[in-house]
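So the structure is just underneath, and the comments pick up after that.
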Amino acid sequence: MAKIGGYAGKILYVDLTRKTSATEPLSKEVMSNFIGGPGINSRLAYDIIKPKTEFSSPENAILINVPPLVGTFAPGAGRVSFMSISPQTGSLAYSGTGGLYNLKFAGYDELVITGKADRPVYLKVLDDEVEILDASDLWGKDAMETTDILWSKYGDEWNVACIGPAGENLVRYASINSNKFSLFAREGFGAVMGSKNLKAIVARGTKDIEIADRSAFRELCSTAQKDIMGERYFPAWRALGSLIGLGHFERSGLFPVKNQQEGCFEGVHDNFFRNTEFIGRLKNGDVSCMACPVGCKHAIKVKGGKYDGKVASLSCILSTIQTFGVTYTIKNYEETIMCADLCDRYGMDYFSIVNTVSYATELYDRGIITQKDTDGMVLEWGSADLMHELIPKIALRQGFGNLLAEGCHRMGQRIGGDAPKYAVHVKGVDTIYDPRTTIFSPEMFSLFTNTKGAYPTLQTFSLGTVMSPETLKPLMKMIGVPEDRQDVILNTPTGGNEGGYNVPRLAKYYDEFYSLLDSTGICARSIYNVFGVDRIARIYSALTGIEKDAAAILRDMERRWNVEKAFKVRDGLGKKEQDMGPERWMTETVSWKGKEFGPISRERLAALLSEYYDERGWNPDSGWPTKRKLEQLELGDIAKDLQNSLGE
Ligand code: SF4
């Protein structure tokens with residue numbers, strides 16, 4: 001088969017049990033129908049991973065896809081996609097970040113790892129040379145040390161994705177560190193690598209990537225680059241990275257505090273986390289994903305104070321503040337950054353560790369757990385010292401840390417009594433957002449419907465922002481909402497604090513637009529909002545030679561969403577009751593700026609969910625896809641596979 005532009009055309013399979021590797025062509029049908037990223041991963045996962053596979057089973061597979069735009073000069077196209085059974089949701093989930101692009105240059109679009117090594121190993125991929133090598137000397141080392149050792153051995157032009165001690169010890173929210181500055185953070189995939197005794201993946205490639213229509217591709221990409229760099233917020237993004245969103249997050253109710261018992265405290269931006277302090281005392285340089293002119297990641301070197309001279313690699317400064325700084329109330333820049341740095345070294349997701357420790361602190365305050373349960377520790381809010389003590393205990397599963405390593409949902413179940421009702425999670429995944437205090441936008445709605453748990457499918461456009469029909473119309477055009485559906489969305493508002501439009505119906509199109517970014521490899525940060533669906537379809541067509549218009553490429557993304565949902569159905573999950581929220585959101589109010597917010601009525605949420613399922617062509621009562629919908633999407637094999645579960 002002649003090579004298709006943007007794709008290497010091959011899948012690399014590695015079996016850690018048998019210590020073997022093999023390659024297979026990636027079919028043109030899979031490329032064309034699923035594009036890449038979570039699209040291709042979900043289609044392959046459905047066939048490779050058996051129903052109800054445990055995350056730690058050797059039969060679980062790690063699927064890593066390098067999307068078609070990654071490795072080209074398309075600006076901001078550096079995102080690689082990871083899919084597997086999550087230790088948190090217990091079913092298929094995904095995560096994406098920068099790094100591992102060298103797999104494409106080595107000749108592979110997809111890496112599939114199954115089995116379990118009988119001792120610690122790392123995987124080395126250099127073009128056609130694939131080796132499973134001994135990692136005994138790396139086991140126990142933190143993620144930064146591991147990366148340094150592998151870079152000193154091979155050179156820093158190699159991509160390194162590795163786990164820290166938390167992944168080795170199967171902490172359910174262990175992360176995977178990618179080239180120090182990027183993280184496959186959510187969903188606990190570090191524990192999947194740990195369960196396979198896989199400490200790291202190192203990759204380097206020297207092959208070219210074909211481009212079907214060079215001059216059209218070059219023209220489209222350079223125009224996109226100019227548009228990004230001409231964006232009015234571009235200089236601020238360059239200077240501040242994600243810190244640019246801090247004031248907006250604070251003002252819009254996007255910062256819950258103390259396990260969502262309270263709304264945000266005053267002065268996050270103006271008193272505790274000032275831009276001038278970050279730039280003057282902490283930031284020492286910017287780091288970028290591949291082909292990105294923004295560079296929103298930061299090298300830190302503290303000037304003065306208790307941590308003078310300390311260095312850190314930060315993937316996202318906003319998440320750092322949002323979690324350690326605001327939710328857990330450390331309220332101090334350098335202490336917050338140092339907690340995040342320690343967490344990165346041990347290899348854990350900031351959101352989950354902070355949510356779990358915050359949950360434990362609330363249980364302690366309520367007397368549900370006591371010093372007898374905490375190894376004698378007094379749990380208190382905002383203590384950086386306590387967090388420094390807890391991070392290693394959790395990563396190594398020592399004492400009380402062993403319970404915290406399970407995450408808030410499972411921890412609550414183990415403690416029993418009243419404990420589960422204070423665990424704020426959806427589908428086993430905790431969250432940093434509280435939909436009660438902010439605009440109930442499609443982003444907030446997707447906390448309930450996202451197959452990967454309580455995380456918005458997309459975090460731009462209307463996060464914390466009231467949308468008017470005037471702002472919504474061009475946005476809907478940009479993300480490819482069909483015209484007849486635009487009318488329905490604008491003319492059937494769902495009321496409440498959702499604004500004057502139909503949130504659940506619009507949420508379907510947000511899901512698919514976000515899938516498109518992830519599946520082509522484009523960054524989802526708001527600075528990349530210049531990429532509308534038309535432009536992406538034209539870039540994809542010029543790169544691959546597979547002609548797609550906006551409607552066709554979004555249909556591929558709808559297909560991806562249905563395959564992922566079908567995977568859940570096959571696991572006996574994905575029903576409407578699993579899309580409902582945690583007890584706190586559904587039964588309690590929360591106070592913020594002197595006002596009470598919430599709770600969210602169960603009846604109302606159930607009605608909104610039915611509208612969302614209806615927009616998807618799913619059964620509005622059960623929340624499962626229909627046989628007809630799967631067949632319309634040319635997923636007849638899956639419809640047949642699920643015929644005993646699905647209605648017409
Ligand atoms: S904006 Fe940040 S996360 Fe996005 S591609 Fe650039 S460096 Fe990576």
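Following the order of the structure tokens, first chain is A, next is B, and so on, with residues numbered from 1 inside each chain and ligands from 1 in the order they appear.
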For chain A against ligand 1, with a cut-off of 9 Å and counting only C-alpha atoms and all ligand atoms, what is the closest atom pair and its distance in Å to one decimal for every residue that makes the cut, ordered by chain and number, as a tab-separated table?
residue	atom	partner	partner_atom_place_in_ligand_line	distance
A:Pro75	CA	ligand 1	5 (S)	8.0
A:Gly76	CA	ligand 1	5 (S)	4.5
A:Ala77	CA	ligand 1	5 (S)	6.5
A:Gly78	CA	ligand 1	5 (S)	5.8
A:Arg79	CA	ligand 1	5 (S)	7.1
A:Thr97	CA	ligand 1	3 (S)	7.3
A:Gly98	CA	ligand 1	8 (Fe)	6.1
A:Ser182	CA	ligand 1	3 (S)	8.0
A:Trp237	CA	ligand 1	1 (S)	8.1
A:Arg238	CA	ligand 1	1 (S)	8.9
A:Gly241	CA	ligand 1	2 (Fe)	7.1
A:Ser242	CA	ligand 1	2 (Fe)	8.0
A:Asp286	CA	ligand 1	7 (S)	8.5
A:Val287	CA	ligand 1	7 (S)	6.4
A:Ser288	CA	ligand 1	7 (S)	3.8
A:Cys289	CA	ligand 1	8 (Fe)	4.1
A:Met290	CA	ligand 1	5 (S)	6.8
A:Ala291	CA	ligand 1	5 (S)	7.4
A:Cys292	CA	ligand 1	6 (Fe)	4.6
A:Pro293	CA	ligand 1	6 (Fe)	6.6
A:Val294	CA	ligand 1	6 (Fe)	5.0
A:Gly295	CA	ligand 1	7 (S)	3.9
A:Cys296	CA	ligand 1	2 (Fe)	4.0
A:Lys297	CA	ligand 1	7 (S)	5.7
A:Ser315	CA	ligand 1	3 (S)	7.7
A:Cys316	CA	ligand 1	3 (S)	8.0
A:Ile522	CA	ligand 1	5 (S)	7.3
A:Cys523	CA	ligand 1	4 (Fe)	4.6
A:Ala524	CA	ligand 1	4 (Fe)	6.6
A:Arg525	CA	ligand 1	4 (Fe)	5.6
A:Ser526	CA	ligand 1	1 (S)	8.3
A:Ile527	CA	ligand 1	1 (S)	7.0
A:Tyr528	CA	ligand 1	1 (S)	7.6
Spatial neighbours of Phe217 (chain A), 8 Å, only C-alpha atoms, chain gap at least 3 places, as a compact mmCIF listing (two decimals) with N, CA and C atoms, in the first residue's frame:
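Final output, out11.txt:
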# COMPACT_ATOMS: atom_id res chain seq x y z
N ILE A 211 3.92 13.94 2.97
CA ILE A 211 2.84 14.94 2.93
C ILE A 211 2.23 14.87 1.53
N ASP A 213 0.01 16.83 -0.24
CA ASP A 213 0.06 18.05 -1.05
C ASP A 213 0.88 19.09 -0.29
N ARG A 214 2.19 19.07 -0.60
CA ARG A 214 3.13 19.89 0.17
C ARG A 214 2.80 21.37 0.16
N LEU A 220 -1.43 26.30 4.34
CA LEU A 220 -2.43 26.23 5.41
C LEU A 220 -1.78 26.37 6.79
N CYS A 221 -0.65 25.69 6.96
CA CYS A 221 0.02 25.73 8.28
C CYS A 221 0.62 27.09 8.55
N ILE A 539 -6.52 21.03 6.43
CA ILE A 539 -5.14 20.65 6.75
C ILE A 539 -5.00 19.13 6.67
N ALA A 542 -5.01 18.02 3.01
CA ALA A 542 -3.75 18.33 2.31
C ALA A 542 -2.63 17.41 2.78
N LEU A 543 -2.63 17.09 4.05
CA LEU A 543 -1.58 16.23 4.60
C LEU A 543 -1.71 14.79 4.11
message = Residues near region 644-646 of chain A, anyone? I mean within 8 Å using only C-alpha atoms, not counting same-chain ones fewer than 5 positions away, as a list in words.
response = Val569, Trp624, Pro625, Thr626, Lys627 and Ala639 of chain A
Suppose we keep C-alpha atoms; can you now write the selection as a compact mmCIF listing (two decimals), in the first residue's frame?
# COMPACT_ATOMS: atom_id res chain seq x y z
CA VAL A 569 -21.87 -1.05 27.44
CA TRP A 624 -26.86 3.58 25.72
CA PRO A 625 -26.34 3.86 21.97
CA THR A 626 -29.00 2.28 19.79
CA LYS A 627 -28.35 -0.46 17.25
CA ALA A 639 -23.95 -3.40 16.97
key: Within 12 Å of Ile432 (chain A) using only C-alpha atoms, minus same-chain residues under 6 positions, as number ranges by chain   = A: 186, 249, 253-260, 263, 318-324, 326-328, 349-356, 358, 424-426, 444, 447, 453-456
ask   = CA of Asn169 (chain A) and CA of Thr329 (chain A) are how many Å apart?
value =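 Value for the CA of Asn169 (chain A)-CA of Thr329 (chain A) distance: 27.8 Å.
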Quick one: residues within 8 Å of Ile64 (chain A), only C-alpha atoms counted, chain neighbours fewer than 2 positions away excluded, as a PDB file with C-alpha atoms, in the first residue's frame?
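around.pdb was written with the following content:
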ATOM      1  CA  GLY A  37      -5.466   9.753  18.808  1.00  0.00           C
ATOM      2  CA  ASN A  41      -7.104   3.984  19.967  1.00  0.00           C
ATOM      3  CA  ILE A  62      -1.648   0.183  26.630  1.00  0.00           C
ATOM      4  CA  VAL A  66       0.714   9.518  17.487  1.00  0.00           C
ATOM      5  CA  VAL A  80      -0.046  12.087  21.715  1.00  0.00           C
ATOM      6  CA  SER A  81      -2.872   9.933  23.025  1.00  0.00           C
ATOM      7  CA  PHE A  82      -2.833   7.178  25.632  1.00  0.00           C
ATOM      8  CA  MET A  83      -5.684   4.715  26.176  1.00  0.00           C
ATOM      9  CA  GLU A 110       0.466   3.169  17.107  1.00  0.00           C
ATOM     10  CA  LEU A 111       2.215   1.321  19.911  1.00  0.00           C
ATOM     11  CA  VAL A 112       0.255  -1.461  21.608  1.00  0.00           C
TER      12      VAL A 112
END
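Closest approach to Lys3 (chain A) among A:Val160, A:Cys343, A:Met31, A:Cys408: A:Met31, based on only C-alpha atoms.
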Residue among A:Met144, A:Ile553, A:Ala166, A:Met387 lying closest to Asn179 (chain A), counting only C-alpha atoms =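 Under the stated criterion, the closest residue is A:Met144.
Considering the residues A:Gly464, A:Gly99, A:Gly382, A:Gly267 and counting only C-alpha atoms, Cys162 (chain A) has its shortest atom-to-atom contact with A:Gly99.
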